[in-house]
Amino acid sequence: DKGPGWQDGAEQPAAKASASISEPAADAKDVPASTAITFATKESKETTVELTDASGAAVKGKLAADGKSWLPSKALTYGGSYTAKVTATGDDGRPVTATSAFTVMAKPGNQVRISSFLGDDQTVGVAMPLIVQFGRAIPEKYRADLQRRMTVTSTPAQEGIWHWVSPTEVRYRPKEFWQAGSKVSYRVQAGGLPLGDGWYGRADLTVDIKVGPKLVMTVDNKTKRMVVTRDGSTIKTIPVSLGKKSTPSSSGTMVVMEKLRKTVFDTYDELGPEDGYRTKIDYAQRLTWGGEFIHAAPWSEGQQGTTNVSHGCVNVSMANGAWLFTNTRVGDPIVVKGTERKLQLGNGWTDWNVSWEQYVKGSALPYEPAEDEPVEDEPAADDVADPDVSASPTA
């Protein structure tokens with residue numbers, strides 16, 4: 001407002017600051033429940049944003065890092081009426097206010113379910129990726145906006161990034177393994193967010209987890225031994241038998257995906273009646289979708305430490321299987337070295353089997369390094385095989 005102001009009959013200069021709201025526009029209807037308040041200011045030393053509902057109650061929210069938008073802390077009420085107010089104050093101390101009243105759309109019929117592999121208060125291993133899945137494929141042009149609403153907070157702070165594994169799944173990993181003892185909270189603020197073709201996010205999602213000690217299992221085919229370390233110190237060395245030459249184990253960095261105290265490996269459907277088998281298994285820990293596990297194998301205890309006889313799994317004794325099962329968590333890493341086959345990308349949680357430089361390419365948003373760092377040479381394209389998503393166990 002550049003018009004005159006009056007006080008005691010004397011004209012006052014116009015305020016230096018200015019403010020405007022671009023979204024939602026004044027009197028807008030059918031506004032998504034996920035809307036942010038987008039605004040612009042000039043010559044403002046202090047800017048505040050307020051959002052109130054029809055009853056005048058304040059809505060909680062947070063200013064974006066760039067200072068150009070303000071996001072409510074949760075999705076707005078479908079069909080609700082709201083008023084946004086942005087106040088800018090210049091160095092002359094005179095505030096200027098912009099307002100926008102708008103109405104949120106009715107609840108949509110098409111809603112995308114959003115789910116997390118992990119639940120609140122779980123304690124996981126240091127290699128655990130944060131996994132979020134969507135009930136419907138997210139078109140590529142909507143992923144960046146969605147990813148802006150996906151935040152991860154860790155104590156202590158650690159650099160990391162989201163990586164789209166497929167149109168229905170996105171994962172987050174830090175640059176290095178999680179620090180032992182970290183507290184991690186991640187949020188997907190997608191309630192009411194447009195996700196393409198008339199579909200909207202069903203609800204926001206927030207998960208709080210903890211990270212356990214740094215337990216790492218390293219298996220060397222040359223020595224036929226597994227060395228287990230906890231927080232950098234060796235706590236146990238275990239003889240193993242890996243996959244024989246016709247069914248080799250995979251070399252690479254894998255992650256414990258599930259733990260089964262007792263299970264049955266049944267390969268008759270995959271291998272047929274002549275080569276297939278059905279075997280009861282104790283202390284099984286899944287490493288790949290293709291069926292590689294760490295598990296107790298009392299039938300191969302005589303070969304463990306000297307000869308590979310398994311169908312691809314990491315065989316250990318009954319006692320060592322029990323010990324491992326007690327001491328490991330979902331999310332603990334295992335590194336297998338020196339076998340005849342490389343781990344195939346996508347065959348399990350293979351997030352740690354690619355370089356950081358490769359991993360950030362899976363983000364829908366440009367990667368901004370925490371610091372200026374030299375970029376490492378990338379592996380050759382043929383170093384990574386096509387995904388293998390078969391699910392039959394091996395022994």
# chains A, B, ... in the order shown; residues from 1 in each chain; ligands from 1

call {"tool": "residues_around", "arguments": {"residues": "Thr155 (chain A)", "least_positions_apart": "4", "cutoff": "12 Å", "atoms": "only C-alpha atoms", "output": "list in words"}}
result
Glu159, Trp178, Gln179, Ala180, Gly181, Ser182, Lys183, Val184, Ser185, Tyr186, Asp208, Ile209, Lys210 and Val211 of chain A

call {"tool": "residues_around", "arguments": {"residues": "region 23-31 of chain A", "least_positions_apart": "5", "cutoff": "10 Å", "atoms": "only C-alpha atoms", "output": "list in words"}}
result
Ala36, Ile37, Thr38, Phe39, Ser69, Leu76, Tyr78, Gly79, Gly80, Ser81, Tyr82, Thr83, Ala84, Thr99, Ser100, Ala101, Phe102, Thr103, Val104, Met105, Ala106, Lys107 and Gly192 of chain A

call {"tool": "closest_atom_pairs", "arguments": {"of": "region 114-143 of chain A", "to": "region 172-176 of chain A", "cutoff": "9 Å", "atoms": "only C-alpha atoms", "output": "tab-separated table"}}
result
residue	atom	partner	partner_atom	distance
A:Ala127	CA	A:Arg173	CA	7.9
A:Met128	CA	A:Arg173	CA	7.5
A:Pro129	CA	A:Arg173	CA	5.0
A:Leu130	CA	A:Tyr172	CA	4.9
A:Ile131	CA	A:Tyr172	CA	6.7
A:Val132	CA	A:Tyr172	CA	8.6

call {"tool": "write_last_selection", "arguments": {"atoms": "N, CA and C atoms", "output": "compact mmCIF listing (two decimals), in the first residue's frame"}}
result
# COMPACT_ATOMS: atom_id res chain seq x y z
N ALA A 127 22.89 -50.92 9.26
CA ALA A 127 22.75 -50.88 7.80
C ALA A 127 21.29 -50.81 7.37
N MET A 128 20.37 -50.60 8.30
CA MET A 128 18.95 -50.63 7.98
C MET A 128 18.54 -49.45 7.10
N PRO A 129 18.05 -49.71 5.88
CA PRO A 129 17.48 -48.61 5.09
C PRO A 129 16.08 -48.30 5.59
N LEU A 130 15.67 -47.05 5.48
CA LEU A 130 14.29 -46.68 5.80
C LEU A 130 13.47 -46.94 4.54
N ILE A 131 12.43 -47.75 4.67
CA ILE A 131 11.69 -48.21 3.49
C ILE A 131 10.26 -47.73 3.56
N VAL A 132 9.84 -46.98 2.54
CA VAL A 132 8.46 -46.49 2.45
C VAL A 132 7.86 -47.02 1.15

call {"tool": "closest_residue", "arguments": {"among": "A:Arg113, A:Lys342, A:Lys60, A:Arg329", "to": "Met257 (chain A)", "atoms": "only C-alpha atoms"}}
result
A:Arg329

call {"tool": "residues_around", "arguments": {"residues": "region 194-207 of chain A", "least_positions_apart": "4", "cutoff": "6 Å", "atoms": "only C-alpha atoms", "output": "ChimeraX atom specification"}}
result
/A:110-113,120,142,185-190

call {"tool": "closest_residue", "arguments": {"among": "A:Val216, A:Met318, A:Thr223, A:Arg341", "to": "Ser246 (chain A)", "atoms": "only C-alpha atoms"}}
result
A:Arg341

call {"tool": "select_by_dssp", "arguments": {"residues": "region 203-379 of chain A", "states": "strand (DSSP E)", "output": "JSON, numbers by chain"}}
result
{"A": [205, 206, 207, 208, 209, 210, 211, 215, 216, 217, 218, 219, 220, 225, 226, 227, 228, 229, 230, 233, 234, 235, 236, 237, 238, 239, 250, 251, 252, 253, 254, 255, 258, 259, 260, 261, 262, 263, 264, 265, 266, 278, 279, 280, 281, 282, 283, 284, 285, 286, 293, 294, 295, 296, 314, 315, 316, 333, 334, 335, 336, 337, 341, 342]}

call {"tool": "residues_around", "arguments": {"residues": "Asn221 (chain A)", "least_positions_apart": "5", "cutoff": "12 Å", "atoms": "only C-alpha atoms", "output": "ChimeraX atom specification"}}
result
/A:226-227,239-245,248-252,304-308,314,335-341

call {"tool": "write_last_selection", "arguments": {"atoms": "N, CA and C atoms", "output": "CSV table (one decimal), in the first residue's frame"}}
result
chain,number,residue,atom,x,y,z
A,226,MET,N,33.6,-66.6,9.4
A,226,MET,CA,32.8,-65.4,9.6
A,226,MET,C,33.4,-64.7,10.8
A,227,VAL,N,33.8,-63.5,10.6
A,227,VAL,CA,34.3,-62.7,11.8
A,227,VAL,C,33.2,-61.7,12.2
A,239,PRO,N,33.3,-70.8,12.0
A,239,PRO,CA,33.5,-71.6,10.7
A,239,PRO,C,32.2,-71.6,9.9
A,240,VAL,N,32.3,-71.5,8.6
A,240,VAL,CA,31.1,-71.5,7.7
A,240,VAL,C,31.4,-72.4,6.5
A,241,SER,N,30.2,-72.8,5.9
A,241,SER,CA,30.3,-73.5,4.6
A,241,SER,C,29.4,-72.7,3.7
A,242,LEU,N,29.9,-72.2,2.6
A,242,LEU,CA,29.2,-71.4,1.6
A,242,LEU,C,28.7,-72.3,0.5
A,243,GLY,N,28.2,-71.6,-0.6
A,243,GLY,CA,27.6,-72.4,-1.7
A,243,GLY,C,28.7,-73.1,-2.5
A,244,LYS,N,28.4,-74.3,-2.9
A,244,LYS,CA,29.3,-75.1,-3.7
A,244,LYS,C,29.4,-74.4,-5.1
A,245,LYS,N,30.3,-74.9,-6.0
A,245,LYS,CA,30.5,-74.2,-7.2
A,245,LYS,C,29.3,-74.1,-8.1
A,248,PRO,N,26.8,-71.1,-6.1
A,248,PRO,CA,27.7,-70.2,-5.2
A,248,PRO,C,26.9,-69.2,-4.4
A,249,SER,N,27.5,-68.8,-3.3
A,249,SER,CA,26.9,-67.7,-2.5
A,249,SER,C,27.3,-66.4,-3.2
A,250,SER,N,26.5,-65.4,-2.9
A,250,SER,CA,26.8,-64.0,-3.5
A,250,SER,C,27.8,-63.3,-2.7
A,251,SER,N,28.7,-62.6,-3.4
A,251,SER,CA,29.7,-61.7,-2.8
A,251,SER,C,29.1,-60.3,-2.8
A,252,GLY,N,29.2,-59.6,-1.7
A,252,GLY,CA,28.7,-58.3,-1.6
A,252,GLY,C,28.3,-57.9,-0.2
A,304,GLN,N,32.1,-77.3,7.6
A,304,GLN,CA,32.2,-75.9,8.0
A,304,GLN,C,33.6,-75.5,8.4
A,305,GLY,N,34.1,-74.5,7.7
A,305,GLY,CA,35.5,-74.1,7.9
A,305,GLY,C,36.5,-74.6,6.9
A,306,THR,N,36.0,-75.6,6.1
A,306,THR,CA,37.0,-76.2,5.1
A,306,THR,C,36.4,-76.3,3.7
A,307,THR,N,35.1,-76.7,3.6
A,307,THR,CA,34.5,-77.0,2.3
A,307,THR,C,33.2,-76.3,2.1
A,308,ASN,N,32.9,-75.9,0.9
A,308,ASN,CA,31.6,-75.3,0.5
A,308,ASN,C,30.7,-76.4,0.0
A,314,VAL,N,24.8,-69.3,3.9
A,314,VAL,CA,25.9,-69.3,4.8
A,314,VAL,C,25.6,-70.3,5.9
A,335,VAL,N,29.0,-58.9,5.1
A,335,VAL,CA,29.8,-58.7,3.9
A,335,VAL,C,30.4,-60.1,3.5
A,336,VAL,N,30.1,-60.6,2.4
A,336,VAL,CA,30.7,-61.8,1.9
A,336,VAL,C,31.7,-61.5,0.8
A,337,LYS,N,32.9,-62.1,0.9
A,337,LYS,CA,34.0,-61.9,0.0
A,337,LYS,C,34.5,-63.1,-0.7
A,338,GLY,N,34.9,-63.0,-2.0
A,338,GLY,CA,35.6,-64.0,-2.7
A,338,GLY,C,34.9,-65.2,-3.2
A,339,THR,N,33.6,-65.1,-3.4
A,339,THR,CA,32.9,-66.2,-4.1
A,339,THR,C,32.8,-66.0,-5.6
A,340,GLU,N,32.2,-67.0,-6.3
A,340,GLU,CA,32.2,-67.0,-7.7
A,340,GLU,C,31.1,-66.1,-8.3
A,341,ARG,N,30.2,-65.6,-7.5
A,341,ARG,CA,29.1,-64.8,-8.0
A,341,ARG,C,29.0,-63.5,-7.2

call {"tool": "residues_around", "arguments": {"residues": "region 86-98 of chain A", "least_positions_apart": "5", "cutoff": "12 Å", "atoms": "only C-alpha atoms", "output": "ChimeraX atom specification"}}
result
/A:1-2,5,12-23,25-26,37-52,63,67-70

call {"tool": "write_last_selection", "arguments": {"atoms": "N, CA and C atoms", "output": "CSV table (one decimal), in the first residue's frame"}}
result
chain,number,residue,atom,x,y,z
A,1,ASP,N,0.9,-1.2,0.0
A,1,ASP,CA,0.0,0.0,0.0
A,1,ASP,C,0.9,1.2,0.0
A,2,LYS,N,0.9,2.0,-1.1
A,2,LYS,CA,1.7,3.2,-1.2
A,2,LYS,C,0.9,4.4,-1.0
A,5,GLY,N,-0.6,7.9,4.7
A,5,GLY,CA,-1.1,7.6,6.1
A,5,GLY,C,-1.2,8.8,6.8
A,12,GLN,N,2.3,10.3,6.7
A,12,GLN,CA,3.3,9.3,7.0
A,12,GLN,C,3.8,8.6,5.8
A,13,PRO,N,5.1,8.3,5.7
A,13,PRO,CA,5.7,7.5,4.6
A,13,PRO,C,5.1,6.1,4.5
A,14,ALA,N,5.0,5.6,3.3
A,14,ALA,CA,4.6,4.2,3.2
A,14,ALA,C,5.6,3.2,3.8
A,15,ALA,N,5.1,2.1,4.3
A,15,ALA,CA,6.0,1.1,4.9
A,15,ALA,C,7.0,0.6,3.9
A,16,LYS,N,8.2,0.3,4.3
A,16,LYS,CA,9.2,-0.2,3.4
A,16,LYS,C,8.9,-1.6,2.9
A,17,ALA,N,8.5,-2.5,3.9
A,17,ALA,CA,8.3,-3.9,3.5
A,17,ALA,C,7.0,-4.1,2.7
A,18,SER,N,6.9,-5.2,2.0
A,18,SER,CA,5.7,-5.6,1.3
A,18,SER,C,5.6,-7.1,1.4
A,19,ALA,N,4.4,-7.6,1.3
A,19,ALA,CA,4.1,-9.1,1.4
A,19,ALA,C,3.0,-9.4,0.4
A,20,SER,N,3.0,-10.7,-0.1
A,20,SER,CA,2.0,-11.2,-1.0
A,20,SER,C,1.9,-12.7,-0.8
A,21,ILE,N,0.7,-13.2,-1.0
A,21,ILE,CA,0.5,-14.7,-1.0
A,21,ILE,C,0.1,-15.2,-2.4
A,22,SER,N,0.9,-16.1,-2.9
A,22,SER,CA,0.5,-16.6,-4.2
A,22,SER,C,-0.3,-17.9,-4.2
A,23,GLU,N,-0.1,-18.7,-3.2
A,23,GLU,CA,-0.9,-19.9,-3.0
A,23,GLU,C,-1.1,-20.2,-1.5
A,25,ALA,N,-4.5,-19.0,-3.6
A,25,ALA,CA,-5.0,-17.7,-4.0
A,25,ALA,C,-6.2,-17.3,-3.2
A,26,ALA,N,-6.4,-16.0,-3.0
A,26,ALA,CA,-7.6,-15.5,-2.3
A,26,ALA,C,-8.9,-16.1,-2.8
A,37,ILE,N,1.6,-22.7,2.3
A,37,ILE,CA,1.3,-21.3,2.1
A,37,ILE,C,2.6,-20.7,1.4
A,38,THR,N,2.4,-20.3,0.2
A,38,THR,CA,3.5,-19.8,-0.6
A,38,THR,C,3.4,-18.3,-0.7
A,39,PHE,N,4.5,-17.6,-0.4
A,39,PHE,CA,4.4,-16.1,-0.3
A,39,PHE,C,5.7,-15.5,-0.7
A,40,ALA,N,5.7,-14.2,-0.9
A,40,ALA,CA,6.9,-13.4,-1.2
A,40,ALA,C,6.9,-12.1,-0.4
A,41,THR,N,8.1,-11.7,0.0
A,41,THR,CA,8.2,-10.5,0.8
A,41,THR,C,9.4,-9.7,0.2
A,42,LYS,N,9.3,-8.4,0.5
A,42,LYS,CA,10.4,-7.5,0.1
A,42,LYS,C,10.8,-6.6,1.2
A,43,GLU,N,12.1,-6.4,1.4
A,43,GLU,CA,12.7,-5.5,2.4
A,43,GLU,C,12.1,-5.8,3.8
A,44,SER,N,11.9,-7.1,4.1
A,44,SER,CA,11.4,-7.5,5.4
A,44,SER,C,12.5,-8.0,6.3
A,45,LYS,N,12.5,-7.4,7.5
A,45,LYS,CA,13.5,-7.9,8.5
A,45,LYS,C,13.0,-9.0,9.3
A,46,GLU,N,11.7,-9.1,9.4
A,46,GLU,CA,11.0,-10.1,10.2
A,46,GLU,C,9.7,-10.5,9.5
A,47,THR,N,9.5,-11.8,9.3
A,47,THR,CA,8.3,-12.3,8.6
A,47,THR,C,7.6,-13.4,9.4
A,48,THR,N,6.4,-13.3,9.6
A,48,THR,CA,5.6,-14.3,10.4
A,48,THR,C,4.5,-14.8,9.5
A,49,VAL,N,4.1,-16.0,9.7
A,49,VAL,CA,3.0,-16.7,9.0
A,49,VAL,C,2.0,-17.2,10.0
A,50,GLU,N,0.8,-17.0,9.8
A,50,GLU,CA,-0.3,-17.5,10.6
A,50,GLU,C,-1.3,-18.2,9.7
A,51,LEU,N,-1.9,-19.3,10.2
A,51,LEU,CA,-3.0,-19.9,9.5
A,51,LEU,C,-4.0,-20.3,10.6
A,52,THR,N,-5.2,-19.9,10.3
A,52,THR,CA,-6.3,-20.2,11.3
A,52,THR,C,-7.5,-20.8,10.6
A,63,LEU,N,8.1,-23.0,8.8
A,63,LEU,CA,8.6,-22.2,7.7
A,63,LEU,C,9.7,-23.1,6.9
A,67,GLY,N,12.6,-20.0,3.2
A,67,GLY,CA,11.9,-18.8,3.7
A,67,GLY,C,10.8,-18.4,2.7
A,68,LYS,N,10.4,-19.2,1.7
A,68,LYS,CA,9.4,-18.8,0.7
A,68,LYS,C,8.1,-19.5,0.9
A,69,SER,N,8.0,-20.5,1.8
A,69,SER,CA,6.7,-21.2,2.0
A,69,SER,C,6.6,-21.6,3.5
A,70,TRP,N,5.4,-22.0,3.8
A,70,TRP,CA,5.1,-22.4,5.2
A,70,TRP,C,4.2,-23.6,5.1

call {"tool": "atom_distance", "arguments": {"atom1": "CA of Gly61 (chain A)", "atom2": "CA of Arg149 (chain A)"}}
result
13.0 Å

call {"tool": "atom_distance", "arguments": {"atom1": "CA of Gly125 (chain A)", "atom2": "CA of Gln358 (chain A)"}}
result
22.6 Å

call {"tool": "select_by_dssp", "arguments": {"residues": "region 224-345 of chain A", "states": "helix (DSSP H, G or I)", "output": "number ranges by chain"}}
result
A: 268-275, 298-300, 318-327

call {"tool": "write_last_selection", "arguments": {"atoms": "N, CA, C and O atoms", "output": "mmCIF file, in the first residue's frame"}}
result
data_model
loop_
_atom_site.group_PDB
_atom_site.id
_atom_site.type_symbol
_atom_site.label_atom_id
_atom_site.label_comp_id
_atom_site.auth_asym_id
_atom_site.auth_seq_id
_atom_site.Cartn_x
_atom_site.Cartn_y
_atom_site.Cartn_z
ATOM 1 N N TYR A 268 10.821 -77.558 -4.186
ATOM 2 C CA TYR A 268 10.267 -78.485 -5.181
ATOM 3 C C TYR A 268 9.649 -77.749 -6.371
ATOM 4 O O TYR A 268 9.803 -78.169 -7.523
ATOM 5 N N ASP A 269 8.940 -76.631 -6.094
ATOM 6 C CA ASP A 269 8.315 -75.898 -7.201
ATOM 7 C C ASP A 269 9.368 -75.310 -8.127
ATOM 8 O O ASP A 269 9.176 -75.239 -9.349
ATOM 9 N N GLU A 270 10.495 -74.885 -7.565
ATOM 10 C CA GLU A 270 11.535 -74.246 -8.363
ATOM 11 C C GLU A 270 12.438 -75.252 -9.063
ATOM 12 O O GLU A 270 12.759 -75.101 -10.254
ATOM 13 N N LEU A 271 12.859 -76.295 -8.345
ATOM 14 C CA LEU A 271 13.867 -77.220 -8.864
ATOM 15 C C LEU A 271 13.289 -78.530 -9.388
ATOM 16 O O LEU A 271 14.006 -79.301 -10.034
ATOM 17 N N GLY A 272 12.035 -78.788 -9.097
ATOM 18 C CA GLY A 272 11.428 -80.026 -9.565
ATOM 19 C C GLY A 272 11.651 -81.192 -8.612
ATOM 20 O O GLY A 272 12.414 -81.096 -7.641
ATOM 21 N N PRO A 273 11.004 -82.326 -8.873
ATOM 22 C CA PRO A 273 11.060 -83.472 -7.953
ATOM 23 C C PRO A 273 12.436 -84.119 -7.840
ATOM 24 O O PRO A 273 12.739 -84.746 -6.818
ATOM 25 N N GLU A 274 13.295 -83.993 -8.855
ATOM 26 C CA GLU A 274 14.595 -84.659 -8.794
ATOM 27 C C GLU A 274 15.618 -83.862 -7.974
ATOM 28 O O GLU A 274 16.344 -84.423 -7.155
ATOM 29 N N ASP A 275 15.668 -82.545 -8.182
ATOM 30 C CA ASP A 275 16.662 -81.730 -7.501
ATOM 31 C C ASP A 275 16.096 -80.955 -6.315
ATOM 32 O O ASP A 275 16.848 -80.432 -5.489
ATOM 33 N N PRO A 298 23.215 -78.418 10.796
ATOM 34 C CA PRO A 298 23.949 -79.470 11.500
ATOM 35 C C PRO A 298 24.499 -80.540 10.564
ATOM 36 O O PRO A 298 25.507 -81.180 10.873
ATOM 37 N N TRP A 299 23.884 -80.735 9.386
ATOM 38 C CA TRP A 299 24.348 -81.751 8.443
ATOM 39 C C TRP A 299 25.686 -81.395 7.785
ATOM 40 O O TRP A 299 26.343 -82.265 7.223
ATOM 41 N N SER A 300 26.072 -80.104 7.840
ATOM 42 C CA SER A 300 27.341 -79.720 7.202
ATOM 43 C C SER A 300 28.401 -79.284 8.216
ATOM 44 O O SER A 300 29.419 -78.712 7.828
ATOM 45 N N MET A 318 24.732 -75.544 14.708
ATOM 46 C CA MET A 318 23.530 -75.269 15.481
ATOM 47 C C MET A 318 23.833 -74.285 16.618
ATOM 48 O O MET A 318 23.084 -73.330 16.845
ATOM 49 N N ALA A 319 24.953 -74.500 17.309
ATOM 50 C CA ALA A 319 25.304 -73.614 18.420
ATOM 51 C C ALA A 319 25.606 -72.200 17.927
ATOM 52 O O ALA A 319 25.163 -71.212 18.521
ATOM 53 N N ASN A 320 26.358 -72.095 16.824
ATOM 54 C CA ASN A 320 26.686 -70.776 16.299
ATOM 55 C C ASN A 320 25.466 -70.093 15.685
ATOM 56 O O ASN A 320 25.324 -68.869 15.741
ATOM 57 N N GLY A 321 24.579 -70.889 15.106
ATOM 58 C CA GLY A 321 23.340 -70.322 14.586
ATOM 59 C C GLY A 321 22.504 -69.703 15.696
ATOM 60 O O GLY A 321 21.950 -68.611 15.533
ATOM 61 N N ALA A 322 22.440 -70.403 16.827
ATOM 62 C CA ALA A 322 21.697 -69.887 17.982
ATOM 63 C C ALA A 322 22.351 -68.610 18.512
ATOM 64 O O ALA A 322 21.671 -67.639 18.861
ATOM 65 N N TRP A 323 23.683 -68.609 18.577
ATOM 66 C CA TRP A 323 24.396 -67.425 19.080
ATOM 67 C C TRP A 323 24.152 -66.226 18.168
ATOM 68 O O TRP A 323 23.866 -65.114 18.640
ATOM 69 N N LEU A 324 24.262 -66.432 16.865
ATOM 70 C CA LEU A 324 24.030 -65.344 15.926
ATOM 71 C C LEU A 324 22.594 -64.828 16.021
ATOM 72 O O LEU A 324 22.356 -63.619 16.041
ATOM 73 N N PHE A 325 21.656 -65.749 16.105
ATOM 74 C CA PHE A 325 20.251 -65.370 16.155
ATOM 75 C C PHE A 325 19.965 -64.498 17.374
ATOM 76 O O PHE A 325 19.166 -63.566 17.319
ATOM 77 N N THR A 326 20.645 -64.790 18.477
ATOM 78 C CA THR A 326 20.458 -64.028 19.715
ATOM 79 C C THR A 326 21.086 -62.639 19.616
ATOM 80 O O THR A 326 20.564 -61.669 20.185
ATOM 81 N N ASN A 327 22.189 -62.529 18.898
ATOM 82 C CA ASN A 327 22.974 -61.289 18.914
ATOM 83 C C ASN A 327 22.707 -60.339 17.753
ATOM 84 O O ASN A 327 23.110 -59.181 17.819
#

call {"tool": "atom_distance", "arguments": {"atom1": "CA of Trp349 (chain A)", "atom2": "CA of Leu193 (chain A)"}}
result
28.0 Å

call {"tool": "residues_around", "arguments": {"residues": "Val165 (chain A)", "least_positions_apart": "2", "cutoff": "10 Å", "atoms": "only C-alpha atoms", "output": "count of residues only"}}
result
13

call {"tool": "closest_residue", "arguments": {"among": "A:Trp164, A:Lys62, A:Pro213, A:Lys280", "to": "Pro139 (chain A)", "atoms": "only C-alpha atoms"}}
result
A:Trp164

call {"tool": "decode", "arguments": {"residues": "region 67-73 of chain A", "atoms": "all heavy atoms", "output": "PDB file, in the first residue's frame"}}
result
ATOM      1  N   GLY A  67      12.605 -20.004   3.195  1.00  0.00           N
ATOM      2  CA  GLY A  67      11.857 -18.844   3.656  1.00  0.00           C
ATOM      3  C   GLY A  67      10.771 -18.375   2.717  1.00  0.00           C
ATOM      4  O   GLY A  67      10.232 -17.275   2.871  1.00  0.00           O
ATOM      5  N   LYS A  68      10.386 -19.218   1.748  1.00  0.00           N
ATOM      6  CA  LYS A  68       9.407 -18.801   0.750  1.00  0.00           C
ATOM      7  C   LYS A  68       8.053 -19.494   0.898  1.00  0.00           C
ATOM      8  O   LYS A  68       7.107 -19.184   0.176  1.00  0.00           O
ATOM      9  CB  LYS A  68       9.953 -19.062  -0.661  1.00  0.00           C
ATOM     10  CG  LYS A  68      11.196 -18.241  -0.987  1.00  0.00           C
ATOM     11  CD  LYS A  68      11.687 -18.553  -2.383  1.00  0.00           C
ATOM     12  CE  LYS A  68      12.947 -17.748  -2.721  1.00  0.00           C
ATOM     13  NZ  LYS A  68      13.448 -18.059  -4.078  1.00  0.00           N
ATOM     14  N   SER A  69       7.970 -20.463   1.804  1.00  0.00           N
ATOM     15  CA  SER A  69       6.701 -21.153   2.015  1.00  0.00           C
ATOM     16  C   SER A  69       6.618 -21.630   3.458  1.00  0.00           C
ATOM     17  O   SER A  69       7.626 -21.705   4.175  1.00  0.00           O
ATOM     18  CB  SER A  69       6.543 -22.341   1.048  1.00  0.00           C
ATOM     19  OG  SER A  69       7.532 -23.319   1.281  1.00  0.00           O
ATOM     20  N   TRP A  70       5.400 -21.966   3.849  1.00  0.00           N
ATOM     21  CA  TRP A  70       5.107 -22.393   5.221  1.00  0.00           C
ATOM     22  C   TRP A  70       4.195 -23.608   5.131  1.00  0.00           C
ATOM     23  O   TRP A  70       3.160 -23.550   4.449  1.00  0.00           O
ATOM     24  CB  TRP A  70       4.444 -21.246   5.968  1.00  0.00           C
ATOM     25  CG  TRP A  70       4.132 -21.470   7.427  1.00  0.00           C
ATOM     26  CD1 TRP A  70       4.923 -21.156   8.489  1.00  0.00           C
ATOM     27  CD2 TRP A  70       2.911 -21.991   7.967  1.00  0.00           C
ATOM     28  NE1 TRP A  70       4.280 -21.454   9.670  1.00  0.00           N
ATOM     29  CE2 TRP A  70       3.043 -21.983   9.378  1.00  0.00           C
ATOM     30  CE3 TRP A  70       1.742 -22.477   7.409  1.00  0.00           C
ATOM     31  CZ2 TRP A  70       2.037 -22.434  10.225  1.00  0.00           C
ATOM     32  CZ3 TRP A  70       0.729 -22.942   8.249  1.00  0.00           C
ATOM     33  CH2 TRP A  70       0.883 -22.910   9.643  1.00  0.00           C
ATOM     34  N   LEU A  71       4.567 -24.702   5.769  1.00  0.00           N
ATOM     35  CA  LEU A  71       3.819 -25.952   5.636  1.00  0.00           C
ATOM     36  C   LEU A  71       3.139 -26.311   6.956  1.00  0.00           C
ATOM     37  O   LEU A  71       3.807 -26.396   7.997  1.00  0.00           O
ATOM     38  CB  LEU A  71       4.751 -27.087   5.226  1.00  0.00           C
ATOM     39  CG  LEU A  71       4.108 -28.445   4.945  1.00  0.00           C
ATOM     40  CD1 LEU A  71       3.177 -28.360   3.734  1.00  0.00           C
ATOM     41  CD2 LEU A  71       5.184 -29.512   4.713  1.00  0.00           C
ATOM     42  N   PRO A  72       1.822 -26.513   6.943  1.00  0.00           N
ATOM     43  CA  PRO A  72       1.148 -26.972   8.157  1.00  0.00           C
ATOM     44  C   PRO A  72       1.750 -28.282   8.648  1.00  0.00           C
ATOM     45  O   PRO A  72       2.240 -29.097   7.862  1.00  0.00           O
ATOM     46  CB  PRO A  72      -0.301 -27.162   7.697  1.00  0.00           C
ATOM     47  CG  PRO A  72      -0.449 -26.253   6.520  1.00  0.00           C
ATOM     48  CD  PRO A  72       0.881 -26.286   5.830  1.00  0.00           C
ATOM     49  N   SER A  73       1.700 -28.502   9.956  1.00  0.00           N
ATOM     50  CA  SER A  73       2.318 -29.695  10.529  1.00  0.00           C
ATOM     51  C   SER A  73       1.560 -30.968  10.202  1.00  0.00           C
ATOM     52  O   SER A  73       2.089 -32.065  10.355  1.00  0.00           O
ATOM     53  CB  SER A  73       2.446 -29.550  12.046  1.00  0.00           C
ATOM     54  OG  SER A  73       1.165 -29.364  12.631  1.00  0.00           O
TER      55      SER A  73
END
